[in-house]
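Shown next: work09.txt, given as compact mmCIF, N, CA and C atoms.
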```txt
# COMPACT_ATOMS: atom_id res chain seq x y z
N MET A 1 22.77 90.26 49.28
CA MET A 1 23.63 89.11 49.26
C MET A 1 24.79 89.39 48.30
N GLY A 2 25.98 88.88 48.58
CA GLY A 2 27.16 89.14 47.77
C GLY A 2 27.45 88.06 46.75
N ILE A 3 26.42 87.45 46.20
CA ILE A 3 26.62 86.40 45.21
C ILE A 3 25.56 86.50 44.13
N ARG A 4 25.93 86.17 42.91
CA ARG A 4 24.96 86.13 41.81
C ARG A 4 25.47 85.16 40.76
N LEU A 5 24.61 84.71 39.90
CA LEU A 5 25.00 83.85 38.80
C LEU A 5 25.77 84.69 37.79
N GLY A 6 26.97 84.25 37.41
CA GLY A 6 27.80 85.03 36.51
C GLY A 6 27.80 84.53 35.08
N ALA A 7 27.66 83.19 34.90
CA ALA A 7 27.72 82.64 33.55
C ALA A 7 27.05 81.28 33.52
N VAL A 8 26.65 80.91 32.33
CA VAL A 8 26.19 79.55 32.04
C VAL A 8 27.13 79.03 30.97
N ALA A 9 27.75 77.87 31.22
CA ALA A 9 28.71 77.28 30.29
C ALA A 9 28.06 76.12 29.54
N VAL A 10 28.27 76.07 28.24
CA VAL A 10 27.71 75.03 27.39
C VAL A 10 28.87 74.25 26.77
N ASP A 11 28.90 72.93 26.99
CA ASP A 11 29.90 72.08 26.37
C ASP A 11 29.56 71.86 24.90
N CYS A 12 30.59 71.80 24.05
CA CYS A 12 30.35 71.61 22.63
C CYS A 12 31.64 71.19 21.93
N PRO A 13 31.54 70.67 20.70
CA PRO A 13 32.75 70.29 19.98
C PRO A 13 33.46 71.47 19.30
N ASP A 14 32.75 72.56 19.02
CA ASP A 14 33.32 73.70 18.29
C ASP A 14 32.75 75.00 18.86
N PRO A 15 33.43 75.59 19.86
CA PRO A 15 32.91 76.80 20.49
C PRO A 15 32.65 77.95 19.52
N LYS A 16 33.50 78.11 18.52
CA LYS A 16 33.33 79.24 17.60
C LYS A 16 32.01 79.15 16.84
N SER A 17 31.69 77.98 16.28
CA SER A 17 30.46 77.88 15.49
C SER A 17 29.22 77.92 16.39
N LEU A 18 29.25 77.26 17.55
CA LEU A 18 28.07 77.30 18.41
C LEU A 18 27.91 78.69 19.04
N GLY A 19 29.04 79.33 19.39
CA GLY A 19 28.97 80.70 19.91
C GLY A 19 28.38 81.65 18.89
N GLU A 20 28.74 81.47 17.61
CA GLU A 20 28.18 82.31 16.56
C GLU A 20 26.68 82.08 16.40
N PHE A 21 26.24 80.82 16.50
CA PHE A 21 24.82 80.52 16.41
C PHE A 21 24.06 81.28 17.51
N TYR A 22 24.48 81.16 18.76
CA TYR A 22 23.78 81.83 19.85
C TYR A 22 23.97 83.35 19.82
N ARG A 23 25.09 83.84 19.29
CA ARG A 23 25.26 85.28 19.12
C ARG A 23 24.19 85.81 18.18
N GLU A 24 23.95 85.08 17.09
CA GLU A 24 22.91 85.48 16.12
C GLU A 24 21.52 85.34 16.73
N VAL A 25 21.26 84.25 17.43
CA VAL A 25 19.93 84.02 18.02
C VAL A 25 19.60 85.12 19.02
N LEU A 26 20.56 85.44 19.91
CA LEU A 26 20.28 86.35 21.02
C LEU A 26 20.77 87.77 20.81
N GLY A 27 21.52 88.03 19.75
CA GLY A 27 22.03 89.38 19.51
C GLY A 27 23.04 89.84 20.54
N LEU A 28 23.89 88.92 21.01
CA LEU A 28 24.87 89.25 22.05
C LEU A 28 26.23 89.60 21.46
N GLU A 29 27.06 90.23 22.27
CA GLU A 29 28.41 90.63 21.89
C GLU A 29 29.40 89.55 22.29
N VAL A 30 30.36 89.25 21.40
CA VAL A 30 31.44 88.32 21.72
C VAL A 30 32.48 89.07 22.56
N LEU A 31 32.73 88.58 23.78
CA LEU A 31 33.75 89.19 24.64
C LEU A 31 35.11 88.54 24.48
N ARG A 32 35.12 87.25 24.20
CA ARG A 32 36.37 86.51 24.06
C ARG A 32 36.13 85.35 23.12
N SER A 33 37.12 85.07 22.29
CA SER A 33 37.01 83.94 21.38
C SER A 33 38.37 83.31 21.19
N THR A 34 38.50 82.05 21.58
CA THR A 34 39.70 81.25 21.35
C THR A 34 39.21 79.93 20.74
N PRO A 35 40.12 79.09 20.28
CA PRO A 35 39.66 77.80 19.73
C PRO A 35 38.92 76.93 20.77
N ASP A 36 39.16 77.18 22.06
CA ASP A 36 38.55 76.34 23.10
C ASP A 36 37.46 77.02 23.90
N LEU A 37 37.24 78.32 23.71
CA LEU A 37 36.27 79.06 24.52
C LEU A 37 35.75 80.27 23.78
N VAL A 38 34.43 80.44 23.80
CA VAL A 38 33.80 81.68 23.33
C VAL A 38 32.93 82.19 24.46
N VAL A 39 33.03 83.48 24.73
CA VAL A 39 32.25 84.12 25.79
C VAL A 39 31.36 85.18 25.16
N LEU A 40 30.05 85.06 25.39
CA LEU A 40 29.09 86.06 24.94
C LEU A 40 28.61 86.85 26.15
N ASN A 41 28.48 88.17 25.98
CA ASN A 41 28.03 89.04 27.04
C ASN A 41 26.53 89.26 26.93
N GLY A 42 25.79 88.73 27.91
CA GLY A 42 24.35 88.92 27.96
C GLY A 42 24.01 89.91 29.05
N PRO A 43 22.76 90.32 29.15
CA PRO A 43 22.36 91.28 30.19
C PRO A 43 22.52 90.66 31.59
N GLY A 44 23.59 91.03 32.26
CA GLY A 44 23.82 90.56 33.63
C GLY A 44 24.42 89.17 33.73
N ILE A 45 24.73 88.53 32.60
CA ILE A 45 25.26 87.16 32.65
C ILE A 45 26.06 86.88 31.38
N TRP A 46 27.06 86.05 31.50
CA TRP A 46 27.80 85.59 30.33
C TRP A 46 27.28 84.22 29.93
N LEU A 47 27.31 83.96 28.65
CA LEU A 47 27.00 82.64 28.09
C LEU A 47 28.29 82.17 27.43
N THR A 48 28.84 81.05 27.92
CA THR A 48 30.12 80.59 27.40
C THR A 48 29.97 79.24 26.72
N PHE A 49 30.85 79.01 25.75
CA PHE A 49 30.86 77.76 24.99
C PHE A 49 32.26 77.20 25.09
N GLU A 50 32.37 75.97 25.62
CA GLU A 50 33.66 75.39 25.93
C GLU A 50 33.85 74.08 25.17
N ARG A 51 35.03 73.94 24.55
CA ARG A 51 35.34 72.75 23.75
C ARG A 51 35.45 71.51 24.64
N ILE A 52 34.73 70.47 24.22
CA ILE A 52 34.83 69.14 24.80
C ILE A 52 35.12 68.21 23.64
N ASP A 53 36.29 67.61 23.63
CA ASP A 53 36.70 66.81 22.47
C ASP A 53 35.79 65.63 22.18
N ASP A 54 35.27 64.98 23.21
CA ASP A 54 34.42 63.81 23.00
C ASP A 54 32.95 64.16 23.27
N HIS A 55 32.54 65.35 22.83
CA HIS A 55 31.16 65.79 23.08
C HIS A 55 30.16 64.84 22.43
N ARG A 56 29.18 64.44 23.21
CA ARG A 56 28.06 63.63 22.68
C ARG A 56 26.79 64.41 22.95
N PRO A 57 26.04 64.75 21.91
CA PRO A 57 24.81 65.53 22.13
C PRO A 57 23.79 64.72 22.92
N PRO A 58 23.02 65.41 23.75
CA PRO A 58 21.99 64.71 24.51
C PRO A 58 20.88 64.19 23.60
N THR A 59 20.27 63.11 24.03
CA THR A 59 19.10 62.58 23.34
C THR A 59 17.88 63.08 24.10
N TRP A 60 17.03 63.83 23.41
CA TRP A 60 15.88 64.45 24.08
C TRP A 60 14.61 63.91 23.48
N PRO A 61 13.61 63.61 24.26
CA PRO A 61 13.45 63.86 25.69
C PRO A 61 14.02 62.75 26.58
N GLY A 62 14.42 61.64 26.03
CA GLY A 62 15.02 60.58 26.83
C GLY A 62 16.02 59.84 25.97
N GLY A 63 16.70 58.89 26.55
CA GLY A 63 17.65 58.10 25.79
C GLY A 63 18.96 57.91 26.52
N PRO A 64 19.96 57.41 25.81
CA PRO A 64 21.21 57.05 26.47
C PRO A 64 22.06 58.23 26.96
N VAL A 65 21.92 59.41 26.36
CA VAL A 65 22.69 60.58 26.81
C VAL A 65 21.70 61.61 27.35
N PRO A 66 21.58 61.70 28.68
CA PRO A 66 20.58 62.61 29.24
C PRO A 66 20.96 64.07 29.07
N LYS A 67 19.94 64.89 29.00
CA LYS A 67 20.10 66.35 28.99
C LYS A 67 20.45 66.76 30.42
N GLN A 68 21.52 67.53 30.58
CA GLN A 68 21.88 68.00 31.92
C GLN A 68 21.42 69.43 32.18
N LEU A 69 21.23 70.19 31.12
CA LEU A 69 20.91 71.60 31.24
C LEU A 69 20.32 72.05 29.92
N HIS A 70 19.39 72.98 29.94
CA HIS A 70 18.96 73.60 28.69
C HIS A 70 18.59 75.05 28.95
N LEU A 71 18.55 75.82 27.89
CA LEU A 71 18.21 77.24 27.98
C LEU A 71 16.75 77.44 27.63
N ASP A 72 16.08 78.31 28.38
CA ASP A 72 14.72 78.77 28.05
C ASP A 72 14.86 80.23 27.63
N LEU A 73 14.49 80.53 26.40
CA LEU A 73 14.62 81.88 25.86
C LEU A 73 13.25 82.53 25.75
N ALA A 74 13.10 83.69 26.38
CA ALA A 74 11.83 84.42 26.35
C ALA A 74 11.68 85.14 25.03
N VAL A 75 10.53 84.96 24.37
CA VAL A 75 10.25 85.62 23.09
C VAL A 75 8.86 86.25 23.15
N THR A 76 8.59 87.17 22.23
CA THR A 76 7.26 87.78 22.17
C THR A 76 6.38 87.10 21.14
N ASP A 77 6.98 86.45 20.13
CA ASP A 77 6.19 85.77 19.09
C ASP A 77 6.87 84.45 18.74
N LEU A 78 6.23 83.35 19.11
CA LEU A 78 6.81 82.02 18.88
C LEU A 78 7.06 81.73 17.41
N ASP A 79 6.09 82.02 16.57
CA ASP A 79 6.22 81.68 15.15
C ASP A 79 7.35 82.45 14.47
N ILE A 80 7.43 83.74 14.73
CA ILE A 80 8.47 84.56 14.12
C ILE A 80 9.85 84.10 14.57
N GLU A 81 10.03 83.92 15.87
CA GLU A 81 11.35 83.54 16.38
C GLU A 81 11.71 82.11 16.00
N GLU A 82 10.73 81.21 15.97
CA GLU A 82 11.02 79.85 15.53
C GLU A 82 11.54 79.85 14.10
N THR A 83 10.89 80.56 13.23
CA THR A 83 11.31 80.64 11.83
C THR A 83 12.72 81.22 11.70
N ARG A 84 12.98 82.29 12.43
CA ARG A 84 14.29 82.94 12.38
C ARG A 84 15.39 82.01 12.90
N ILE A 85 15.14 81.33 14.02
CA ILE A 85 16.15 80.48 14.64
C ILE A 85 16.38 79.22 13.81
N LEU A 86 15.34 78.68 13.21
CA LEU A 86 15.52 77.53 12.32
C LEU A 86 16.39 77.91 11.12
N ALA A 87 16.22 79.12 10.60
CA ALA A 87 17.03 79.58 9.47
C ALA A 87 18.50 79.75 9.86
N LEU A 88 18.77 79.93 11.15
CA LEU A 88 20.15 80.07 11.63
C LEU A 88 20.82 78.71 11.84
N GLY A 89 20.06 77.62 11.75
CA GLY A 89 20.69 76.31 11.86
C GLY A 89 20.11 75.39 12.91
N ALA A 90 19.14 75.83 13.68
CA ALA A 90 18.49 74.94 14.65
C ALA A 90 17.54 73.99 13.92
N THR A 91 17.14 72.95 14.61
CA THR A 91 16.09 72.07 14.12
C THR A 91 14.99 72.02 15.17
N LYS A 92 13.80 71.62 14.74
CA LYS A 92 12.67 71.53 15.66
C LYS A 92 12.59 70.11 16.20
N ALA A 93 12.46 69.98 17.52
CA ALA A 93 12.32 68.67 18.13
C ALA A 93 11.00 68.03 17.69
N GLU A 94 11.02 66.72 17.55
CA GLU A 94 9.80 66.01 17.15
C GLU A 94 8.72 66.12 18.21
N ILE A 95 9.09 66.06 19.48
CA ILE A 95 8.12 66.12 20.58
C ILE A 95 8.00 67.57 21.04
N GLN A 96 6.77 68.07 21.03
CA GLN A 96 6.45 69.44 21.44
C GLN A 96 5.37 69.37 22.52
N PRO A 97 5.76 69.36 23.81
CA PRO A 97 4.79 69.17 24.89
C PRO A 97 3.70 70.24 25.00
N ASP A 98 4.01 71.49 24.68
CA ASP A 98 3.04 72.58 24.82
C ASP A 98 3.31 73.64 23.75
N PRO A 99 3.08 73.32 22.47
CA PRO A 99 3.52 74.20 21.38
C PRO A 99 2.85 75.58 21.34
N ASP A 100 1.75 75.76 22.04
CA ASP A 100 1.13 77.09 22.08
C ASP A 100 1.91 78.05 22.98
N ASN A 101 2.69 77.50 23.92
CA ASN A 101 3.43 78.32 24.87
C ASN A 101 4.94 78.12 24.83
N TRP A 102 5.39 76.93 24.42
CA TRP A 102 6.81 76.57 24.40
C TRP A 102 7.09 75.86 23.08
N ARG A 103 8.25 76.10 22.52
CA ARG A 103 8.72 75.33 21.37
C ARG A 103 10.10 74.78 21.74
N VAL A 104 10.27 73.50 21.53
CA VAL A 104 11.55 72.86 21.79
C VAL A 104 12.33 72.81 20.48
N LEU A 105 13.50 73.42 20.49
CA LEU A 105 14.39 73.43 19.33
C LEU A 105 15.70 72.75 19.72
N ILE A 106 16.46 72.36 18.73
CA ILE A 106 17.75 71.70 18.95
C ILE A 106 18.82 72.55 18.27
N ASP A 107 19.85 72.94 19.04
CA ASP A 107 20.90 73.77 18.44
C ASP A 107 21.77 72.94 17.50
N PRO A 108 22.68 73.58 16.76
CA PRO A 108 23.44 72.85 15.74
C PRO A 108 24.30 71.68 16.25
N VAL A 109 24.60 71.62 17.54
CA VAL A 109 25.38 70.47 18.05
C VAL A 109 24.55 69.52 18.89
N GLY A 110 23.23 69.72 18.92
CA GLY A 110 22.34 68.76 19.54
C GLY A 110 21.75 69.12 20.89
N HIS A 111 22.07 70.30 21.44
CA HIS A 111 21.49 70.70 22.72
C HIS A 111 20.05 71.16 22.53
N PRO A 112 19.10 70.58 23.28
CA PRO A 112 17.74 71.12 23.22
C PRO A 112 17.68 72.46 23.95
N PHE A 113 16.86 73.37 23.45
CA PHE A 113 16.55 74.62 24.14
C PHE A 113 15.14 75.00 23.79
N CYS A 114 14.55 75.87 24.60
CA CYS A 114 13.16 76.24 24.40
C CYS A 114 13.05 77.72 24.11
N ILE A 115 12.07 78.07 23.29
CA ILE A 115 11.62 79.46 23.18
C ILE A 115 10.21 79.46 23.75
N THR A 116 9.88 80.52 24.48
CA THR A 116 8.61 80.54 25.17
C THR A 116 8.07 81.95 25.33
N VAL A 117 6.74 82.04 25.34
CA VAL A 117 6.07 83.31 25.64
C VAL A 117 5.63 83.35 27.11
N MET A 118 6.02 82.36 27.89
CA MET A 118 5.60 82.27 29.29
C MET A 118 6.38 83.20 30.21
N PHE A 119 7.57 83.67 29.79
CA PHE A 119 8.37 84.61 30.57
C PHE A 119 8.27 85.97 29.92
N PRO A 120 8.41 87.04 30.67
CA PRO A 120 8.46 88.35 30.03
C PRO A 120 9.70 88.43 29.15
N ALA A 121 9.54 88.91 27.93
CA ALA A 121 10.68 89.05 27.00
C ALA A 121 11.43 90.32 27.27
```
Would it be possible to restate this file's structure as structure tokens?
Amino acid sequence: MGIRLGAVAVDCPDPKSLGEFYREVLGLEVLRSTPDLVVLNGPGIWLTFERIDDHRPPTWPGGPVPKQLHLDLAVTDLDIEETRILALGATKAEIQPDPDNWRVLIDPVGHPFCITVMFPA
């Protein structure tokens, strides 16, 4: 087939700071950085961060601002990666549906994302 997923775009108030957070979390290379857009090069896909002036973080797991998209990150050790990512500026969500297999974290601008041992790392 002549089609594939090329990028995942994340809305945020400050692409530079959120791009730096995910660059540190995932160890990716910055391909482009402007005040309105940061592009990270991942294996086979780009992860982009785009400025939205009136960004409102989602309320997870429910609430007035629904989550439209989140990232699931494959890890080999939940405890080690959770500690490392929290030190980079994430917070841990209060609700943890399956903490032995998945951990729900919140990035610095409020997007929930998961780290999990359920996918091959």
Between atom C of Ile80 in chain A and atom N of Pro61 in chain A, measure the distance and give it in Å to one decimal.
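Computing it gives 23.0 Å between the two atoms.
Among the candidates A:Pro58, A:Pro112, A:Pro13, A:Gly6, the residue lying nearest to Leu73 in chain A is A:Pro112 (atoms considered: only C-alpha atoms).
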Calculate how many Å separate atom N of Phe49 in chain A from CA of Leu26 in chain A, rounding to one decimal.
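We find that atom N of Phe49 in chain A and CA of Leu26 in chain A lie 13.7 Å from each other.
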Find the residues near Ile106 in chain A: any atom within 7 Å, counting all atoms listed in the file, skip ones fewer than 2 places away on the same chain, and give them as a PyMOL selection string.
chain A and resi 89-93+104+108-113
From the DSSP assignment of the backbone, select every residue of chain A that is strand (DSSP E), and format the answer as JSON, numbers by chain.
{"A": [7, 8, 9, 10, 11, 12, 29, 30, 31, 32, 33, 37, 38, 39, 40, 41, 42, 45, 46, 47, 48, 49, 50, 51, 71, 72, 73, 74, 91, 92, 102, 103, 104, 105, 106, 112, 113, 114, 115, 116]}
Just checking: using only C-alpha atoms, which residue out of A:Ile3, A:Val25, A:Val30, A:Leu47 ends up closest to Ile115 in chain A?
A:Val25
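Shell of range 33-40 of chain A at 8 Å, with all atoms listed in the file counted and residues fewer than 4 places along the chain excluded, is Pro13, Asp14, Pro15, Lys16, Leu18, Gly19, Glu20, Tyr22, Arg23, Leu28, Glu29, Ile45, Trp46, Leu47, Thr48, Phe49, Glu50, Arg51 and Ile52 of chain A.
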Quick one, how far is atom N of Arg56 in chain A from atom N of Glu94 in chain A?
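Between atom N of Arg56 in chain A and atom N of Glu94 in chain A the gap works out to 19.2 Å.
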May I have the protein, DNA and RNA residues with any atom at most 5 Å from the point (22.4, 83.3, 13.6), counting all atoms listed in the file, written as a PyMOL selection string?
chain A and resi 21+24-25+88
